[in-house]
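S.K.: Sharing a structure below in structure tokens format, with a few things to ask.
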Amino acid sequence: MGRSRRTIPEELLLLALDPATGTTAQPQSLDLGLAGAQLVELALAGRIAPDGDRIAVVMPRPTGDPTLDSALELLRRRGSPVRAVHWIGGPRLGLRQIYLAHLERCGMVHAVAGQMCGVLPTTRYQATDTDISREIRARLDSAIRTGVPPDPRTAALAALAHAVGLGKHLYPGNEGRSSRSRLRDLIRHDPMGGLVAHAVMDVQNGVAAQPRRDRAQAPPAARPTASGVPLQPRRTGAMARAAAH
């Protein structure tokens, strides 16, 4: 894959990194978003493909990115397509720290040691090149402002940013309400990003833990999201097939 292009997990983490505090916004849901971002990146690389609400490995050849290849190998070992919601909700805690260390090795951030209350050791992360974060943010801003359909990578990044609740971090307060709404709407421009983003929100809302027959019997309803804005369930394309299982 090379290093000429930043991956979606890297960009999602850089979006979440607060330049003032060196901490990440929405840390609890960010691990889920990073797991979802890996799926989107692997799909864009032609390694996996959606199969209804499941993810199937179609080319097990490594990408050259160690973090992505680790996820690809885990998917390959499953031997059969796995439901996106089960993969994202699986026991892979600490993905945020793995990617922070990855960004540090790549020279995109540097760690700053400190202490909390003068006793507990802490680590903050500062971007080494703020132009990168500004460029990522500018792509989202442009898609929101112009209404022009974004490229698949930007659309998937927007979908995941909404799914983990970064909208209120990127566009805070009442003045950012319309931008948060338009960020949510960008989810429709990339089917894979939309499938994964809905799976991230399902995990946060506990849908993955419900018995399948209960979900099948439940009436359609507005889906609460991490940003607090209801997202109506979709019934077309991949999401229609996902709803049928």
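The way I read the labels, and the way they are meant: chains A, B, ... in the order of the structure tokens, residue 1 as the first residue of every chain, and ligand 1 as the first ligand shown, with later ones counted on from there.
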At a cut-off of 12 Å, using only C-alpha atoms, what residues contact Arg145 of chain A? Leave out same-chain residues fewer than 3 positions from it and give the result as a ChimeraX atom specification.

M.R.: /A:138-142,148-150,178-183,186

S.K.: With a distance cut-off of 12 Å and only C-alpha atoms, select the neighbouring residues of segment 59-63 of chain A, excluding the residue or stretch itself and same-chain residues fewer than 5 positions from it, and output the selection as a list in words.

M.R.: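 The neighbour list is Met1, Gly2, Arg3, Thr7, Gln38, Glu41, Leu42, Ala43, Leu44, Ala45, Gly46, Arg47, Ile48, Ala49, Leu68, Asp69, Ser70, Ala71, Leu72, Glu73, Leu74, Leu75, Arg76, Arg77 and Gly79 of chain A.
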
S.K.: Would you output that residue set with N, CA, C and O atoms, as a CSV table (one decimal), in the first residue's frame?

M.R.:
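New file part.csv:
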```csv
chain,number,residue,atom,x,y,z
A,1,MET,N,0.8,-1.2,0.0
A,1,MET,CA,0.0,0.0,0.0
A,1,MET,C,0.8,1.3,0.0
A,1,MET,O,0.5,2.3,-0.6
A,2,GLY,N,2.0,1.1,0.7
A,2,GLY,CA,2.9,2.3,0.7
A,2,GLY,C,2.5,3.4,1.7
A,2,GLY,O,1.4,3.3,2.3
A,3,ARG,N,3.2,4.5,1.7
A,3,ARG,CA,2.9,5.5,2.7
A,3,ARG,C,2.6,6.8,2.0
A,3,ARG,O,2.6,7.9,2.6
A,7,THR,N,-4.1,6.4,5.7
A,7,THR,CA,-5.3,5.5,5.8
A,7,THR,C,-6.4,6.2,6.5
A,7,THR,O,-6.2,7.2,7.3
A,38,GLN,N,-10.8,0.4,9.7
A,38,GLN,CA,-9.9,-0.6,9.1
A,38,GLN,C,-10.7,-1.4,8.0
A,38,GLN,O,-10.1,-1.7,7.0
A,41,GLU,N,-10.9,0.7,4.9
A,41,GLU,CA,-9.6,0.8,4.2
A,41,GLU,C,-9.3,-0.5,3.5
A,41,GLU,O,-8.8,-0.5,2.4
A,42,LEU,N,-9.6,-1.6,4.1
A,42,LEU,CA,-9.3,-2.9,3.5
A,42,LEU,C,-10.2,-3.1,2.3
A,42,LEU,O,-9.8,-3.7,1.3
A,43,ALA,N,-11.5,-2.6,2.4
A,43,ALA,CA,-12.4,-2.7,1.2
A,43,ALA,C,-11.9,-1.9,0.1
A,43,ALA,O,-11.9,-2.3,-1.1
A,44,LEU,N,-11.4,-0.7,0.4
A,44,LEU,CA,-10.9,0.2,-0.7
A,44,LEU,C,-9.6,-0.4,-1.3
A,44,LEU,O,-9.3,-0.2,-2.5
A,45,ALA,N,-8.9,-1.2,-0.5
A,45,ALA,CA,-7.7,-1.9,-1.0
A,45,ALA,C,-8.0,-3.2,-1.8
A,45,ALA,O,-7.1,-3.8,-2.3
A,46,GLY,N,-9.3,-3.5,-1.9
A,46,GLY,CA,-9.7,-4.7,-2.6
A,46,GLY,C,-9.5,-6.0,-1.8
A,46,GLY,O,-9.5,-7.1,-2.4
A,47,ARG,N,-9.2,-5.9,-0.5
A,47,ARG,CA,-9.0,-7.1,0.3
A,47,ARG,C,-10.2,-7.8,0.8
A,47,ARG,O,-10.3,-9.0,1.0
A,48,ILE,N,-11.2,-7.0,1.1
A,48,ILE,CA,-12.5,-7.5,1.7
A,48,ILE,C,-13.7,-6.9,0.9
A,48,ILE,O,-13.5,-5.9,0.2
A,49,ALA,N,-14.8,-7.4,1.0
A,49,ALA,CA,-16.0,-6.9,0.4
A,49,ALA,C,-17.2,-7.2,1.2
A,49,ALA,O,-17.3,-8.2,1.9
A,68,LEU,N,-3.2,-2.8,9.4
A,68,LEU,CA,-4.3,-3.3,8.6
A,68,LEU,C,-4.1,-4.8,8.3
A,68,LEU,O,-5.1,-5.6,8.3
A,69,ASP,N,-2.9,-5.3,8.1
A,69,ASP,CA,-2.6,-6.7,7.8
A,69,ASP,C,-3.0,-7.6,9.0
A,69,ASP,O,-3.4,-8.7,8.8
A,70,SER,N,-2.8,-7.1,10.2
A,70,SER,CA,-3.2,-7.8,11.4
A,70,SER,C,-4.7,-8.0,11.4
A,70,SER,O,-5.2,-9.1,11.7
A,71,ALA,N,-5.5,-7.0,11.1
A,71,ALA,CA,-6.9,-7.1,11.0
A,71,ALA,C,-7.3,-8.1,9.9
A,71,ALA,O,-8.2,-8.9,10.0
A,72,LEU,N,-6.6,-8.0,8.7
A,72,LEU,CA,-6.9,-8.8,7.6
A,72,LEU,C,-6.7,-10.3,7.9
A,72,LEU,O,-7.5,-11.2,7.6
A,73,GLU,N,-5.6,-10.6,8.6
A,73,GLU,CA,-5.3,-11.9,9.0
A,73,GLU,C,-6.3,-12.5,10.0
A,73,GLU,O,-6.8,-13.7,9.9
A,74,LEU,N,-6.8,-11.7,10.9
A,74,LEU,CA,-7.8,-12.1,11.8
A,74,LEU,C,-9.1,-12.4,11.1
A,74,LEU,O,-9.8,-13.4,11.4
A,75,LEU,N,-9.5,-11.6,10.1
A,75,LEU,CA,-10.6,-11.9,9.3
A,75,LEU,C,-10.5,-13.2,8.5
A,75,LEU,O,-11.4,-14.0,8.4
A,76,ARG,N,-9.3,-13.4,8.0
A,76,ARG,CA,-9.0,-14.6,7.2
A,76,ARG,C,-9.2,-15.8,8.0
A,76,ARG,O,-9.7,-16.8,7.6
A,77,ARG,N,-8.7,-15.8,9.3
A,77,ARG,CA,-8.8,-16.9,10.1
A,77,ARG,C,-10.2,-17.3,10.5
A,77,ARG,O,-10.4,-18.5,10.9
A,79,GLY,N,-12.5,-17.8,8.5
A,79,GLY,CA,-12.9,-18.9,7.6
A,79,GLY,C,-14.2,-18.6,6.8
A,79,GLY,O,-14.4,-19.3,5.8
```
